[in-house]
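A quick write-up on the structure given underneath.
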Amino acid sequence: MRASVLSDWLAQRLDRGNGQPVYRQLHRLLQQAILSRELPAGSKVPSSRLLAAELGIARNTVTQVYEQLALEGYVTSATGRGTFVADSAPDEIVGAPDAATAVAAPLAASIPDATPLPAARALSARGARLLSGAGVSKRQWGAFMPGVPDVTRFPARVWSRLHNKYWRRMRPDLLTYAPGGGLPLLRHALAEYLRTSRSVRCTPEQIVITTGIHQSVDLAVRLLSDPGDVIWTEDPCYWGVRSVLHVSGLQSRPIAVDEEGINPSPDDLAQPPKLMLVTPSHQYPLGMVMSLARRRMLLEYARQHQCWIIEDDYDSEFRYGSRPLASLQGLDTAGQVIYVGSFGKTLFPGLRIGYLVVPEALAESFAMASAELYREGQLLQQAVLAEFIAEGHFTSHIRRMRTLYGQRRQALLDAAGRRYGSEMPAVGGDAGLHLVMQLPHDADDRAVANAALERNIIVRPLSGYYAEPASAPSGLLIGYACVPDEEIAPAFDTLADAIDSTLVQFA
Ligand SMILES: Cc1ncc(COP(=O)(O)O)c(C=O)c1O
């Protein structure tokens, strides 16, 4: 396109009445012209004086646009010779836009600000797989959000006192990257806590601090398996770790659960996996406890076949009516268990601090790998947490929350009983932060969850936690921990209206 043609083309498209600054419009139009190769590489653009005069705009505007395009790599300026289109536009270098379409696209066609790429083309196969199974909720707070503790009860004053203390002391070593494995002070405090409260057998050196269970599983899977290896997962299981596994290149084999936990069939047992991922203290999401017999069987099987067991101990602190159960790791004598835990439920999810406990022989490799892969930090936060634990605030917070959540759980069971009697039984309520209400087998639990959301109530459909949702049992995960006591009964009534109206609709 010759310079004079360009001026005409620009003049036709600049729209002074559309509310967008002329500077931005001109910048975008010139970018389009370059990307579509209507302004080919090496061609000269009109001088700023000429273009400004022909468009009737300030020269300064054109100069600024040329400067911006030069910064972005679209044009280059040669002193005394003028401004030229660069050899390759920056987006072609990074491969973002569809260059072939851009060449063919007539300049006259209107191109939106940023041409969105068809998702199937932009994403890798594993990226597409991850997103097709994505389960994260846009809302993370409110009745009956499962898995979320009552963050409003967090002892913020104590925390901020400790935080301020560390900021006042200004220790540079807490503001740098973390040494592999996390802050030694926190690893010591945690080792003590895990030994006494969870029967985990470990030294501080076996602990690696992470940003939570997601990252712990990611690290364990990367270090202990190769793409194509098989991992057993419980069916149903937590969608979040399933997502981590989706991008790991592992093949997940869903294993059924019964009232004693994961229950591999003879066929499953005939094909030992590289790894298995289990929730022995509180099966997620159904809530049963893995029996001692099943624990022994799994440990023995893992020892014989050299498999790793990842024990996800995400919320075992909250057990109502009986003491929290000892960990599987504590029974392991062969060093086959990788124990993962989190402060997401005991303190608050946004803290993003969790931990792995790995067998002694792997401790150094895990610590080094986590620093290599994730370049960890957050040491000041870790120092605050270590002191929070050492001063006893952690255990007293858990104790208080256990009582509170126990009352809320009862309030929810009462509300459900009043409305449905034994018609819709609830399971998994002995521990944790949610229970599962079973719906008639052919009920569409997704439709119920959507109907509830329209009434501002968040619940999760149980079928979504199964490998085959279409043939899965129907139910709802109902979180009670974050709902104030007095809101539980009215919120349940609203939920029940959503359930009833959906079930009637599909009856
Ligand atoms: C079974 C299970 N594992 C792990 C997590 C997440 O842990 P984190 O927040 O530490 O990544 C959750 C959260 O709901 C969960 O239910």
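How things are named: the first chain in the structure tokens is A, the next is B, and so on; residues count from 1 in each chain; ligands count from 1 in the order shown.
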Please report, as a Markdown table, each residue of region 224-270 of chain A lying at most 9 Å from region 133-140 of chain A, together with the nearest pair of atoms and the separation in Å rounded to one decimal; use only C-alpha atoms, and order rows by chain and ascending residue number.
| residue | atom | partner | partner_atom | distance |
| --- | --- | --- | --- | --- |
| A:Trp239 | CA | A:Gly135 | CA | 6.2 |
| A:Gly240 | CA | A:Gly135 | CA | 7.1 |
| A:Arg242 | CA | A:Gly133 | CA | 8.6 |
| A:Ser243 | CA | A:Ala134 | CA | 6.9 |
| A:His246 | CA | A:Gly133 | CA | 8.7 |
Handout entry: All strand (DSSP E) residues (DSSP, backbone) inside region 111-273 of chain A, as a PyMOL selection string
Key = chain A and resi 207-210+230-235+251-258+261-262
Atoms to include: C-alpha atoms. Write the selected residues as a compact mmCIF listing (two decimals), in the first residue's frame.
# COMPACT_ATOMS: atom_id res chain seq x y z
CA ILE A 207 9.55 -32.09 55.40
CA VAL A 208 9.33 -29.95 52.27
CA ILE A 209 7.20 -26.82 52.44
CA THR A 210 5.06 -26.17 49.36
CA VAL A 230 0.02 -45.49 35.80
CA ILE A 231 -1.39 -43.89 38.93
CA TRP A 232 -4.34 -45.26 40.86
CA THR A 233 -6.80 -42.66 42.00
CA GLU A 234 -9.84 -43.22 44.15
CA ASP A 235 -13.16 -43.10 42.32
CA GLN A 251 -2.36 -42.52 33.05
CA SER A 252 -4.94 -42.37 35.84
CA ARG A 253 -6.71 -45.60 36.70
CA PRO A 254 -9.83 -44.89 38.77
CA ILE A 255 -10.24 -47.48 41.51
CA ALA A 256 -13.61 -48.01 43.17
CA VAL A 257 -14.03 -47.31 46.88
CA ASP A 258 -16.20 -49.13 49.41
CA GLY A 261 -11.74 -47.00 51.36
CA ILE A 262 -9.96 -47.76 48.08
Problem - A:Gln271, A:Gln206, A:Ser132, A:Ser322 ranked by distance to Glu364 (chain A), top pick (using only C-alpha atoms) - result: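 Distance minimum relative to Glu364 (chain A) lands on A:Gln206.
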Practice task
Select the residues contacting ligand 1 at a distance of at most 7 Å, based on only C-alpha atoms and all ligand atoms, then format the selection as a list in words.
Solution key: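 If we count only C-alpha atoms and all ligand atoms, the neighbours of ligand 1 turn out to be Gly147, Thr211, Gly212, Ile213, His214, Gln215, Tyr238, Gly240, Val241, Thr279, Tyr284, Asp312, Tyr314, Gly341, Ser342, Phe343, Gly344, Pro349, Arg352, Ile353 and Gly354 of chain A.
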Take the residues just selected and output them with all heavy atoms as a compact mmCIF listing (two decimals), in the first residue's frame.
# COMPACT_ATOMS: atom_id res chain seq x y z
N GLY A 147 -15.55 -27.43 51.53
CA GLY A 147 -14.09 -27.39 51.65
C GLY A 147 -13.51 -26.07 52.12
O GLY A 147 -12.30 -25.90 52.13
N THR A 211 3.32 -24.85 48.32
CA THR A 211 2.19 -23.91 48.37
C THR A 211 0.87 -24.63 48.62
O THR A 211 -0.19 -24.03 48.52
CB THR A 211 2.05 -23.11 47.06
OG1 THR A 211 1.88 -24.05 45.99
CG2 THR A 211 3.27 -22.26 46.79
N GLY A 212 0.92 -25.91 48.89
CA GLY A 212 -0.32 -26.63 49.17
C GLY A 212 -0.28 -28.02 48.55
O GLY A 212 0.72 -28.42 47.94
N ILE A 213 -1.39 -28.72 48.69
CA ILE A 213 -1.43 -30.11 48.24
C ILE A 213 -1.29 -30.21 46.72
O ILE A 213 -0.64 -31.11 46.19
CB ILE A 213 -2.71 -30.78 48.76
CG1 ILE A 213 -2.55 -30.98 50.28
CG2 ILE A 213 -2.96 -32.12 48.07
CD1 ILE A 213 -3.77 -31.47 51.00
N HIS A 214 -1.88 -29.25 46.02
CA HIS A 214 -1.72 -29.28 44.55
C HIS A 214 -0.24 -29.33 44.19
O HIS A 214 0.18 -30.15 43.37
CB HIS A 214 -2.34 -28.03 43.92
CG HIS A 214 -3.82 -28.12 43.75
ND1 HIS A 214 -4.46 -27.86 42.57
CD2 HIS A 214 -4.80 -28.46 44.61
CE1 HIS A 214 -5.75 -28.03 42.71
NE2 HIS A 214 -5.98 -28.38 43.95
N GLN A 215 0.53 -28.43 44.77
CA GLN A 215 1.96 -28.38 44.41
C GLN A 215 2.71 -29.60 44.93
O GLN A 215 3.61 -30.11 44.27
CB GLN A 215 2.61 -27.10 44.94
CG GLN A 215 3.95 -26.85 44.30
CD GLN A 215 4.61 -25.60 44.82
OE1 GLN A 215 4.90 -25.47 46.01
NE2 GLN A 215 4.85 -24.65 43.94
N TYR A 238 -10.96 -36.06 44.50
CA TYR A 238 -10.94 -34.59 44.43
C TYR A 238 -10.55 -34.14 43.02
O TYR A 238 -9.51 -34.57 42.51
CB TYR A 238 -9.94 -34.08 45.47
CG TYR A 238 -9.59 -32.62 45.40
CD1 TYR A 238 -10.59 -31.66 45.36
CD2 TYR A 238 -8.27 -32.20 45.39
CE1 TYR A 238 -10.28 -30.32 45.30
CE2 TYR A 238 -7.94 -30.86 45.34
CZ TYR A 238 -8.95 -29.92 45.29
OH TYR A 238 -8.64 -28.60 45.22
N GLY A 240 -9.37 -31.44 41.97
CA GLY A 240 -8.16 -30.61 41.87
C GLY A 240 -6.92 -31.45 41.61
O GLY A 240 -6.10 -31.12 40.74
N VAL A 241 -6.77 -32.55 42.35
CA VAL A 241 -5.58 -33.36 42.09
C VAL A 241 -5.74 -34.11 40.77
O VAL A 241 -4.75 -34.37 40.08
CB VAL A 241 -5.22 -34.33 43.24
CG1 VAL A 241 -4.63 -33.59 44.40
CG2 VAL A 241 -6.38 -35.17 43.65
N THR A 279 -6.89 -41.01 50.16
CA THR A 279 -7.28 -40.11 51.26
C THR A 279 -7.75 -41.01 52.42
O THR A 279 -8.96 -41.12 52.68
CB THR A 279 -8.40 -39.15 50.81
OG1 THR A 279 -9.43 -39.91 50.14
CG2 THR A 279 -7.91 -38.09 49.87
N TYR A 284 -12.15 -38.53 50.17
CA TYR A 284 -12.76 -37.36 49.56
C TYR A 284 -13.44 -37.77 48.27
O TYR A 284 -12.79 -38.37 47.41
CB TYR A 284 -11.71 -36.28 49.27
CG TYR A 284 -12.37 -34.96 48.95
CD1 TYR A 284 -12.74 -34.09 49.96
CD2 TYR A 284 -12.69 -34.64 47.64
CE1 TYR A 284 -13.40 -32.90 49.66
CE2 TYR A 284 -13.34 -33.46 47.34
CZ TYR A 284 -13.69 -32.60 48.36
OH TYR A 284 -14.35 -31.43 48.07
N ASP A 312 -3.03 -38.20 50.95
CA ASP A 312 -3.54 -36.83 51.02
C ASP A 312 -4.33 -36.70 52.33
O ASP A 312 -5.43 -37.24 52.46
CB ASP A 312 -4.42 -36.56 49.79
CG ASP A 312 -5.04 -35.17 49.80
OD1 ASP A 312 -4.89 -34.46 50.81
OD2 ASP A 312 -5.67 -34.79 48.80
N TYR A 314 -5.86 -34.10 53.94
CA TYR A 314 -6.22 -32.70 53.74
C TYR A 314 -7.03 -32.08 54.87
O TYR A 314 -6.95 -30.88 55.08
CB TYR A 314 -6.99 -32.56 52.41
CG TYR A 314 -8.28 -33.32 52.44
CD1 TYR A 314 -9.50 -32.67 52.58
CD2 TYR A 314 -8.29 -34.70 52.37
CE1 TYR A 314 -10.68 -33.38 52.65
CE2 TYR A 314 -9.47 -35.42 52.45
CZ TYR A 314 -10.65 -34.75 52.58
OH TYR A 314 -11.81 -35.46 52.68
N GLY A 341 0.03 -32.64 53.23
CA GLY A 341 -0.96 -31.94 54.06
C GLY A 341 -0.96 -30.46 53.74
O GLY A 341 -0.15 -29.99 52.92
N SER A 342 -1.85 -29.73 54.40
CA SER A 342 -2.07 -28.35 54.01
C SER A 342 -2.59 -27.53 55.20
O SER A 342 -3.24 -28.08 56.09
CB SER A 342 -3.14 -28.35 52.90
OG SER A 342 -3.51 -27.06 52.56
N PHE A 343 -2.30 -26.25 55.17
CA PHE A 343 -2.92 -25.35 56.16
C PHE A 343 -4.18 -24.69 55.59
O PHE A 343 -4.76 -23.81 56.22
CB PHE A 343 -1.92 -24.27 56.60
CG PHE A 343 -0.79 -24.82 57.43
CD1 PHE A 343 0.42 -25.13 56.85
CD2 PHE A 343 -0.96 -25.04 58.77
CE1 PHE A 343 1.46 -25.66 57.60
CE2 PHE A 343 0.07 -25.57 59.55
CZ PHE A 343 1.28 -25.88 58.96
N GLY A 344 -4.56 -25.14 54.39
CA GLY A 344 -5.71 -24.53 53.72
C GLY A 344 -7.02 -24.72 54.47
O GLY A 344 -7.90 -23.86 54.40
N PRO A 349 -7.58 -20.99 53.21
CA PRO A 349 -7.12 -21.50 51.92
C PRO A 349 -6.14 -20.58 51.22
O PRO A 349 -5.19 -21.02 50.58
CB PRO A 349 -8.40 -21.65 51.10
CG PRO A 349 -9.51 -21.69 52.08
CD PRO A 349 -9.07 -20.91 53.28
N ARG A 352 -1.95 -20.50 51.23
CA ARG A 352 -1.15 -21.29 50.30
C ARG A 352 0.15 -21.77 50.94
O ARG A 352 1.26 -21.47 50.46
CB ARG A 352 -0.86 -20.53 48.99
CG ARG A 352 -2.04 -20.10 48.20
CD ARG A 352 -3.12 -21.13 48.02
NE ARG A 352 -2.75 -22.30 47.22
CZ ARG A 352 -3.22 -23.53 47.46
NH1 ARG A 352 -4.06 -23.76 48.46
NH2 ARG A 352 -2.89 -24.54 46.69
N ILE A 353 0.04 -22.48 52.03
CA ILE A 353 1.19 -23.19 52.60
C ILE A 353 0.75 -24.62 52.87
O ILE A 353 -0.28 -24.87 53.51
CB ILE A 353 1.72 -22.54 53.89
CG1 ILE A 353 2.21 -21.11 53.62
CG2 ILE A 353 2.90 -23.37 54.45
CD1 ILE A 353 2.87 -20.42 54.81
N GLY A 354 1.54 -25.54 52.36
CA GLY A 354 1.31 -26.96 52.60
C GLY A 354 2.65 -27.65 52.75
O GLY A 354 3.69 -26.98 52.82
Exercise for the section: May I have the residues within 6 Å of Ile338 (chain A) as a PyMOL selection string, using only C-alpha atoms and disregarding those fewer than 2 positions away in the same chain? Expected result: chain A and resi 310+357-358
Practice task
Identify which of the residues A:His397, A:Arg375, A:Ala334, A:Val45 lies closest to Glu300 (chain A), counting only C-alpha atoms when measuring atom-to-atom distances.
Solution key: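 Between A:His397, A:Arg375, A:Ala334, A:Val45, the residue approaching Glu300 (chain A) most closely is A:Ala334.
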Practice task
Identify, on the basis of only C-alpha atoms, every residue whose closest approach to region 159-161 of chain A does not exceed 9 Å; exclude the query and any residue fewer than 6 positions from it along the same chain; express the result as a list in words.
Solution key: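 Contacts, in chain order: Val384, Leu385 and Phe388 of chain A.
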Handout entry: CA of Leu286 (chain A) to CA of Asp332 (chain A), straight-line distance in Å
Key =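 About the pair CA of Asp332 (chain A) and CA of Leu286 (chain A): they are 24.6 Å apart.
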Problem - Arg171 (chain A) environment, 10 Å, only C-alpha atoms, sequence neighbours closer than 5 positions dropped, as a ChimeraX atom specification - result: /A:166,176,380
Exercise for the section: Might you pull out every residue within 6 Å of region 421-432 of chain A, with only C-alpha atoms counted and same-chain residues fewer than 6 positions away left off, and present them as a ChimeraX atom specification? Expected result: /A:286-287,315,318-320,438
Exercise for the section: Give me the residues within 8 Å of Ala143 (chain A) as a ChimeraX atom specification, counting only C-alpha atoms and dropping any in the same chain fewer than 4 places off. Expected result: /A:457-458,479-480,482-483,488,491
Store the residues picked out above in a file with all heavy atoms, as a PDB file, in the first residue's frame.
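Saved file out-v5.pdb follows:
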ATOM      1  N   ILE A 457     -27.035 -20.252  46.299  1.00  0.00           N
ATOM      2  CA  ILE A 457     -26.518 -21.298  47.178  1.00  0.00           C
ATOM      3  C   ILE A 457     -25.524 -22.136  46.370  1.00  0.00           C
ATOM      4  O   ILE A 457     -25.842 -22.591  45.266  1.00  0.00           O
ATOM      5  CB  ILE A 457     -27.670 -22.212  47.685  1.00  0.00           C
ATOM      6  CG1 ILE A 457     -28.685 -21.414  48.505  1.00  0.00           C
ATOM      7  CG2 ILE A 457     -27.118 -23.394  48.478  1.00  0.00           C
ATOM      8  CD1 ILE A 457     -28.237 -20.993  49.892  1.00  0.00           C
ATOM      9  N   ILE A 458     -24.320 -22.329  46.960  1.00  0.00           N
ATOM     10  CA  ILE A 458     -23.296 -23.087  46.238  1.00  0.00           C
ATOM     11  C   ILE A 458     -23.243 -24.516  46.789  1.00  0.00           C
ATOM     12  O   ILE A 458     -23.007 -24.709  47.981  1.00  0.00           O
ATOM     13  CB  ILE A 458     -21.902 -22.461  46.450  1.00  0.00           C
ATOM     14  CG1 ILE A 458     -21.954 -20.945  46.267  1.00  0.00           C
ATOM     15  CG2 ILE A 458     -20.867 -23.085  45.529  1.00  0.00           C
ATOM     16  CD1 ILE A 458     -20.771 -20.230  46.880  1.00  0.00           C
ATOM     17  N   GLY A 479     -21.144 -27.913  52.047  1.00  0.00           N
ATOM     18  CA  GLY A 479     -20.153 -27.459  53.026  1.00  0.00           C
ATOM     19  C   GLY A 479     -20.857 -26.650  54.105  1.00  0.00           C
ATOM     20  O   GLY A 479     -21.685 -25.794  53.814  1.00  0.00           O
ATOM     21  N   TYR A 480     -20.530 -26.939  55.353  1.00  0.00           N
ATOM     22  CA  TYR A 480     -21.210 -26.204  56.430  1.00  0.00           C
ATOM     23  C   TYR A 480     -20.245 -25.336  57.230  1.00  0.00           C
ATOM     24  O   TYR A 480     -20.647 -24.452  57.968  1.00  0.00           O
ATOM     25  CB  TYR A 480     -21.919 -27.180  57.383  1.00  0.00           C
ATOM     26  CG  TYR A 480     -21.055 -28.360  57.783  1.00  0.00           C
ATOM     27  CD1 TYR A 480     -20.083 -28.236  58.772  1.00  0.00           C
ATOM     28  CD2 TYR A 480     -21.184 -29.593  57.153  1.00  0.00           C
ATOM     29  CE1 TYR A 480     -19.269 -29.316  59.109  1.00  0.00           C
ATOM     30  CE2 TYR A 480     -20.381 -30.665  57.500  1.00  0.00           C
ATOM     31  CZ  TYR A 480     -19.417 -30.520  58.475  1.00  0.00           C
ATOM     32  OH  TYR A 480     -18.610 -31.562  58.809  1.00  0.00           O
ATOM     33  N   CYS A 482     -18.217 -22.883  56.700  1.00  0.00           N
ATOM     34  CA  CYS A 482     -18.101 -21.423  56.542  1.00  0.00           C
ATOM     35  C   CYS A 482     -19.442 -20.713  56.670  1.00  0.00           C
ATOM     36  O   CYS A 482     -19.528 -19.511  56.413  1.00  0.00           O
ATOM     37  CB  CYS A 482     -17.428 -21.097  55.202  1.00  0.00           C
ATOM     38  SG  CYS A 482     -18.419 -21.527  53.776  1.00  0.00           S
ATOM     39  N   VAL A 483     -20.488 -21.439  57.074  1.00  0.00           N
ATOM     40  CA  VAL A 483     -21.805 -20.801  57.144  1.00  0.00           C
ATOM     41  C   VAL A 483     -22.147 -20.459  58.601  1.00  0.00           C
ATOM     42  O   VAL A 483     -22.183 -21.362  59.452  1.00  0.00           O
ATOM     43  CB  VAL A 483     -22.899 -21.746  56.579  1.00  0.00           C
ATOM     44  CG1 VAL A 483     -24.193 -20.975  56.366  1.00  0.00           C
ATOM     45  CG2 VAL A 483     -22.441 -22.399  55.294  1.00  0.00           C
ATOM     46  N   ILE A 488     -27.714 -21.393  58.636  1.00  0.00           N
ATOM     47  CA  ILE A 488     -27.730 -22.757  58.091  1.00  0.00           C
ATOM     48  C   ILE A 488     -29.144 -23.224  57.744  1.00  0.00           C
ATOM     49  O   ILE A 488     -29.399 -23.687  56.622  1.00  0.00           O
ATOM     50  CB  ILE A 488     -27.022 -23.728  59.067  1.00  0.00           C
ATOM     51  CG1 ILE A 488     -25.522 -23.416  59.017  1.00  0.00           C
ATOM     52  CG2 ILE A 488     -27.289 -25.189  58.684  1.00  0.00           C
ATOM     53  CD1 ILE A 488     -24.657 -24.297  59.845  1.00  0.00           C
ATOM     54  N   ALA A 491     -30.692 -21.251  54.804  1.00  0.00           N
ATOM     55  CA  ALA A 491     -29.994 -21.566  53.546  1.00  0.00           C
ATOM     56  C   ALA A 491     -30.357 -22.974  53.090  1.00  0.00           C
ATOM     57  O   ALA A 491     -30.515 -23.234  51.898  1.00  0.00           O
ATOM     58  CB  ALA A 491     -28.478 -21.425  53.728  1.00  0.00           C
TER      59      ALA A 491
END
